[in-house]
Amino acid sequence: MERMAFRAQTIVADIGIAAAAFGLAYLLSAANLPGMPLNGAGLGLLPLTALYAALAGVLTLLFRRELSPWRYASIPDALVLTRVALLTVGVFLLAAFVLDRGRSLPRSTLVMAPLFQLVGSMGLRILRRALHEGALAPATAVKPDRSARAPSLLLIGPPSLADTYLRDAARSHDRSFTPVGIVGADARDVGQQVRGVCIIESLENLDSALADLRRWNRYPRAILFLEEPARLKGLKADQLGRLKHDGIRLLRLPSIVELSQHDSLTLLPMREINIEELLAREPIELDRHAIAQLIRGRRVLVTGAAGSIGSELCRQMAAFECAHLTLVDFSEPSLFNIDREMAEEFPQVSRSTVLCDVRNPTRLTRIFRDESPDLVFHAAALKHVPLMERHPCESVLTNVVGTLNVAEASKACGAGQMVLISTDKAVDPTNVMGATKRLAEALIQAQQTTGDGTRFSVVRFGNVLGSAGSVVPIFKSQIERGGPVTVTHPDMERFFMTIPEAAQLVLHATAASAEGERRDARLFVLEMGEPVKIMDLARQMIALSGRDDVEIQTTGLRPGEKLTEALLDESERAVPCAPNVIEVVSSAPIRVTSEQIARLDTLASAGESGDLRRALFDLVGQIRAAPKPGAQPSLRVVARS
């Protein structure tokens with residue numbers, strides 16, 4: 001009822017504005033034309049005004065102007081109102097000509113009436129928006145000195161995003177910070193103002209802008225990045241390090257994923273920027289519509305749900321409104337933490353938590369049968385390379401046998417898709433962890449789907465910044481202790497991406513595998529950009545810490561460790577299949593039998609580490625069926641074409 005009343009009030013208001021505009025225009029025109037009838041015989045002021053107002057009301061309904069709230073009036077609204085005014089006077093002229101050939105209509109009225117109508121309708125809307133945003137407060141009252149109560153805030157980003165932030169802050173009456181200036185991306189914008197806040201410098205002159213603010217006694221207590229820091233060209237790690245050392249808070253607005261978790265249009269709270277976000281490359285834009293179609297309204301199960309990738313997958317499943325979410329993990333404290341987080345952040349999402357080891361096939365099958373998932377994401381794995389070198393039996397039981405158990409349970413419960421999260425260490429593996437993940441990939445690729453059975457796929461990518469197995473937490477801890485920061489080799493390099501980006505690319509690849517009529521298991525590689533030298537990463541993190549007394553030491557390669565990683569093996573070729581997602585096609589036959597896995601299971605369960613290691617690498621060598629040395633993978637060429 002309230003919505004209907006609002007629409008009726010809007011229509012009546014527009015009709016009243018049109019009537020007043022025409023009446024004023026007619027009176028001004030008639031004043032210069034003696035003898036022009038006002039209410040005499042024939043068409044005079046009142047009939048013409050009623051006709052004009054009625055036409056304006058009809059056109060307002062046709063253009064649905066009553067659906068546009070006045071407090072959000074913008075340029076598109078002005079264009080539509082202009083169209084309404086011009087069409088109103090055009091149709092009115094035709095009607096007046098038909099009725100009495102326009103004898104009682106002053107010609108100048110046709111010019112002034114639509115002009116007054118447009119000014120009146122748009123002017124009232126602008127006034128309503130100004131009242132809503134508090135823009136009239138400085139003109140109607142003494143402006144309070146907020147600088148004494150709210151810490152100063154410097155905005156960094158393009159003027160368009162600064163305008164959006166300042167407008168939203170005004171709408172939500174946010175007084176947590178006082179904006180003192182904007183540092184834009186383009187030097188040509190310097191000197192302009194955005195909602196009363198001056199663009200004081202361009203990004204390449206950030207140090208100069210901060211010096212000016214200090215001299216003006218307006219040095220910021222916080223800096224808000226209006227874009228992802230990786231998008232802002234010109235920012236240097238040592239600059240950010242000095243800012244953090246000065247006690248300036250580095251903030252950013254909510255990400256797309258965080259915004260999708262809220263229905264409200266009010267300004268969401270800013271949050272501190274993680275070091276991982278400052279180190280990351282420019283984020284990839286993804287097809288959120290395809291991901292939403294994959295997740296929304298479906299039951300999802302995630303193994304390893306308490307891990308870095310698994311927990312982020314759970315957050316994004318909830319953000320994309322899955323019907324039910326099952327969190328499976330074997331770490332009691334970690335599972336408790338992610339369950340509590342989901343309860344606080346996504347109370348509306350149906351979920352269940354299960355403490356279970358993927359090595360237990362009987363319990364796993366019972367869980368899958370009870371939960372009946374449509375989508376299964378298998379992220380549970382042992383991932384630390386040096387530790388797995390010392391414990392190959394545990395690595396095989398979890399990464400190989402556990403993957404087979406999840407695949408069998410997925411088929412038994414009739415899941416629509418099962419996705420294995422893999423790693424670039426599975427390519428030409430030189431360590432136990434990589435070899436077990438390569439064998440897990442082969443197990444999934446060997447699955448045959450018939451009819452409406454479970455579709456299987458594998459997603460392979462590199463290191464994830466900030467994950468439990470990443471070097472970033474290690475470097476961070478070493479820097480906090482004052483060093484030294486240890487790097488195994490100065491030439492070592494790895495592929496990197498952030499945790500949210502990795503999780504969304506997994507979903508993107510899963511959506512791609514769900515399309516089409518193909519039923520065979522598929523392997524996908526995510527576009528990781530260029531590899532990053534670990535030595536450069538260590539230097540950046542030291543610079544970001546604001547310290548210059550931390551040394552870097554090289555310790556030598558650890559057992560099973562490689563200098564570089566690849567995303568494609570010698571026996572594989574890449575075929576682009578979706579933006580930032582590449583399908584891998586292997587020329588080597590997949591030869592994995594249940595007897596071979598059973599033998600590995602027996603050796604691992606018996607603790608025969610030596611025999612197990614030999615059997616594992618022999619089997620991986622058969623799977624790879626590598627061609628003669630010298631053959632080169634084609635990922636780089638195809639991915640960049």
# chains A, B, ... in the order shown; residues from 1 in each chain; ligands from 1
$ select_by_dssp --residues "range 399-640 of chain A" --states "strand (DSSP E or B)" --output "number ranges by chain"
A: 417-423, 455-461, 463-465, 485-487, 493-494, 496-498, 522-526, 532-533, 552-554, 572-578, 581-586
$ residues_around --residues "Ser350 in chain A" --least-positions-apart "5" --cutoff "8 Å" --atoms "only C-alpha atoms" --output "PyMOL selection string"
chain A and resi 323-325
$ closest_residue --among "A:Ala509, A:Leu154, A:Val194, A:Cys322" --to "Leu251 in chain A" --atoms "only C-alpha atoms"
A:Leu154
$ residues_around --residues "range 113-121 of chain A" --least-positions-apart "3" --cutoff "6 Å" --atoms "only C-alpha atoms" --output "list in words"
Ala18, Ala21, Phe22, Ala25, Ala85, Thr109, Leu110 and Leu124 of chain A
$ closest_residue --among "A:Arg188, A:Arg573, A:Arg221, A:Arg481" --to "Ser176 in chain A" --atoms "only C-alpha atoms"
A:Arg221
$ residues_around --residues "Ile156 in chain A" --least-positions-apart "5" --cutoff "8 Å" --atoms "only C-alpha atoms" --output "JSON, numbers by chain"
{"A": [182, 183, 184, 185, 203, 223, 224, 225, 226, 227]}
$ write_last_selection --atoms "all heavy atoms" --output "PDB file, in the first residue's frame"
ATOM      1  N   ILE A 182      41.763  14.131  -2.266  1.00  0.00           N
ATOM      2  CA  ILE A 182      41.724  12.995  -3.190  1.00  0.00           C
ATOM      3  C   ILE A 182      43.019  12.979  -3.986  1.00  0.00           C
ATOM      4  O   ILE A 182      43.473  14.028  -4.476  1.00  0.00           O
ATOM      5  CB  ILE A 182      40.525  13.100  -4.155  1.00  0.00           C
ATOM      6  CG1 ILE A 182      39.206  13.157  -3.382  1.00  0.00           C
ATOM      7  CG2 ILE A 182      40.511  11.925  -5.141  1.00  0.00           C
ATOM      8  CD1 ILE A 182      38.011  13.490  -4.255  1.00  0.00           C
ATOM      9  N   VAL A 183      43.626  11.830  -4.097  1.00  0.00           N
ATOM     10  CA  VAL A 183      44.770  11.629  -4.985  1.00  0.00           C
ATOM     11  C   VAL A 183      44.265  10.815  -6.166  1.00  0.00           C
ATOM     12  O   VAL A 183      43.913   9.644  -6.021  1.00  0.00           O
ATOM     13  CB  VAL A 183      45.932  10.909  -4.273  1.00  0.00           C
ATOM     14  CG1 VAL A 183      47.038  10.572  -5.261  1.00  0.00           C
ATOM     15  CG2 VAL A 183      46.481  11.778  -3.149  1.00  0.00           C
ATOM     16  N   GLY A 184      44.192  11.455  -7.336  1.00  0.00           N
ATOM     17  CA  GLY A 184      43.637  10.809  -8.515  1.00  0.00           C
ATOM     18  C   GLY A 184      44.672  10.082  -9.335  1.00  0.00           C
ATOM     19  O   GLY A 184      45.880  10.158  -9.075  1.00  0.00           O
ATOM     20  N   ALA A 185      44.170   9.379 -10.339  1.00  0.00           N
ATOM     21  CA  ALA A 185      45.066   8.631 -11.222  1.00  0.00           C
ATOM     22  C   ALA A 185      45.573   9.472 -12.381  1.00  0.00           C
ATOM     23  O   ALA A 185      46.575   9.123 -13.009  1.00  0.00           O
ATOM     24  CB  ALA A 185      44.340   7.387 -11.751  1.00  0.00           C
ATOM     25  N   LEU A 203      48.617  10.305  -8.609  1.00  0.00           N
ATOM     26  CA  LEU A 203      49.183   9.195  -7.856  1.00  0.00           C
ATOM     27  C   LEU A 203      50.703   9.183  -7.878  1.00  0.00           C
ATOM     28  O   LEU A 203      51.346   8.837  -6.874  1.00  0.00           O
ATOM     29  CB  LEU A 203      48.641   7.866  -8.403  1.00  0.00           C
ATOM     30  CG  LEU A 203      48.980   6.619  -7.597  1.00  0.00           C
ATOM     31  CD1 LEU A 203      48.496   6.748  -6.169  1.00  0.00           C
ATOM     32  CD2 LEU A 203      48.373   5.388  -8.251  1.00  0.00           C
ATOM     33  N   ILE A 223      44.114   5.977   4.837  1.00  0.00           N
ATOM     34  CA  ILE A 223      44.025   6.123   3.384  1.00  0.00           C
ATOM     35  C   ILE A 223      43.059   5.065   2.872  1.00  0.00           C
ATOM     36  O   ILE A 223      43.189   3.881   3.211  1.00  0.00           O
ATOM     37  CB  ILE A 223      45.398   5.962   2.709  1.00  0.00           C
ATOM     38  CG1 ILE A 223      46.300   7.154   3.060  1.00  0.00           C
ATOM     39  CG2 ILE A 223      45.256   5.843   1.201  1.00  0.00           C
ATOM     40  CD1 ILE A 223      47.688   7.048   2.460  1.00  0.00           C
ATOM     41  N   LEU A 224      42.096   5.506   2.073  1.00  0.00           N
ATOM     42  CA  LEU A 224      41.113   4.588   1.496  1.00  0.00           C
ATOM     43  C   LEU A 224      41.404   4.403   0.019  1.00  0.00           C
ATOM     44  O   LEU A 224      41.389   5.366  -0.752  1.00  0.00           O
ATOM     45  CB  LEU A 224      39.697   5.137   1.674  1.00  0.00           C
ATOM     46  CG  LEU A 224      38.583   4.347   0.986  1.00  0.00           C
ATOM     47  CD1 LEU A 224      38.503   2.933   1.548  1.00  0.00           C
ATOM     48  CD2 LEU A 224      37.244   5.052   1.128  1.00  0.00           C
ATOM     49  N   PHE A 225      41.688   3.159  -0.390  1.00  0.00           N
ATOM     50  CA  PHE A 225      41.884   2.825  -1.791  1.00  0.00           C
ATOM     51  C   PHE A 225      40.514   2.554  -2.410  1.00  0.00           C
ATOM     52  O   PHE A 225      39.807   1.636  -1.994  1.00  0.00           O
ATOM     53  CB  PHE A 225      42.789   1.597  -1.935  1.00  0.00           C
ATOM     54  CG  PHE A 225      44.208   1.838  -1.492  1.00  0.00           C
ATOM     55  CD1 PHE A 225      44.601   1.533  -0.201  1.00  0.00           C
ATOM     56  CD2 PHE A 225      45.137   2.384  -2.361  1.00  0.00           C
ATOM     57  CE1 PHE A 225      45.896   1.759   0.218  1.00  0.00           C
ATOM     58  CE2 PHE A 225      46.443   2.611  -1.952  1.00  0.00           C
ATOM     59  CZ  PHE A 225      46.820   2.302  -0.658  1.00  0.00           C
ATOM     60  N   LEU A 226      40.155   3.369  -3.397  1.00  0.00           N
ATOM     61  CA  LEU A 226      38.853   3.225  -4.035  1.00  0.00           C
ATOM     62  C   LEU A 226      38.844   2.111  -5.065  1.00  0.00           C
ATOM     63  O   LEU A 226      37.788   1.658  -5.499  1.00  0.00           O
ATOM     64  CB  LEU A 226      38.454   4.548  -4.698  1.00  0.00           C
ATOM     65  CG  LEU A 226      38.350   5.724  -3.724  1.00  0.00           C
ATOM     66  CD1 LEU A 226      38.198   7.032  -4.474  1.00  0.00           C
ATOM     67  CD2 LEU A 226      37.201   5.532  -2.758  1.00  0.00           C
ATOM     68  N   GLU A 227      40.028   1.680  -5.507  1.00  0.00           N
ATOM     69  CA  GLU A 227      40.172   0.533  -6.401  1.00  0.00           C
ATOM     70  C   GLU A 227      41.047  -0.502  -5.724  1.00  0.00           C
ATOM     71  O   GLU A 227      41.699  -0.223  -4.706  1.00  0.00           O
ATOM     72  CB  GLU A 227      40.818   0.959  -7.722  1.00  0.00           C
ATOM     73  CG  GLU A 227      39.915   1.708  -8.669  1.00  0.00           C
ATOM     74  CD  GLU A 227      40.561   1.885 -10.035  1.00  0.00           C
ATOM     75  OE1 GLU A 227      41.666   2.434 -10.090  1.00  0.00           O
ATOM     76  OE2 GLU A 227      39.965   1.469 -11.032  1.00  0.00           O
TER      77      GLU A 227
END
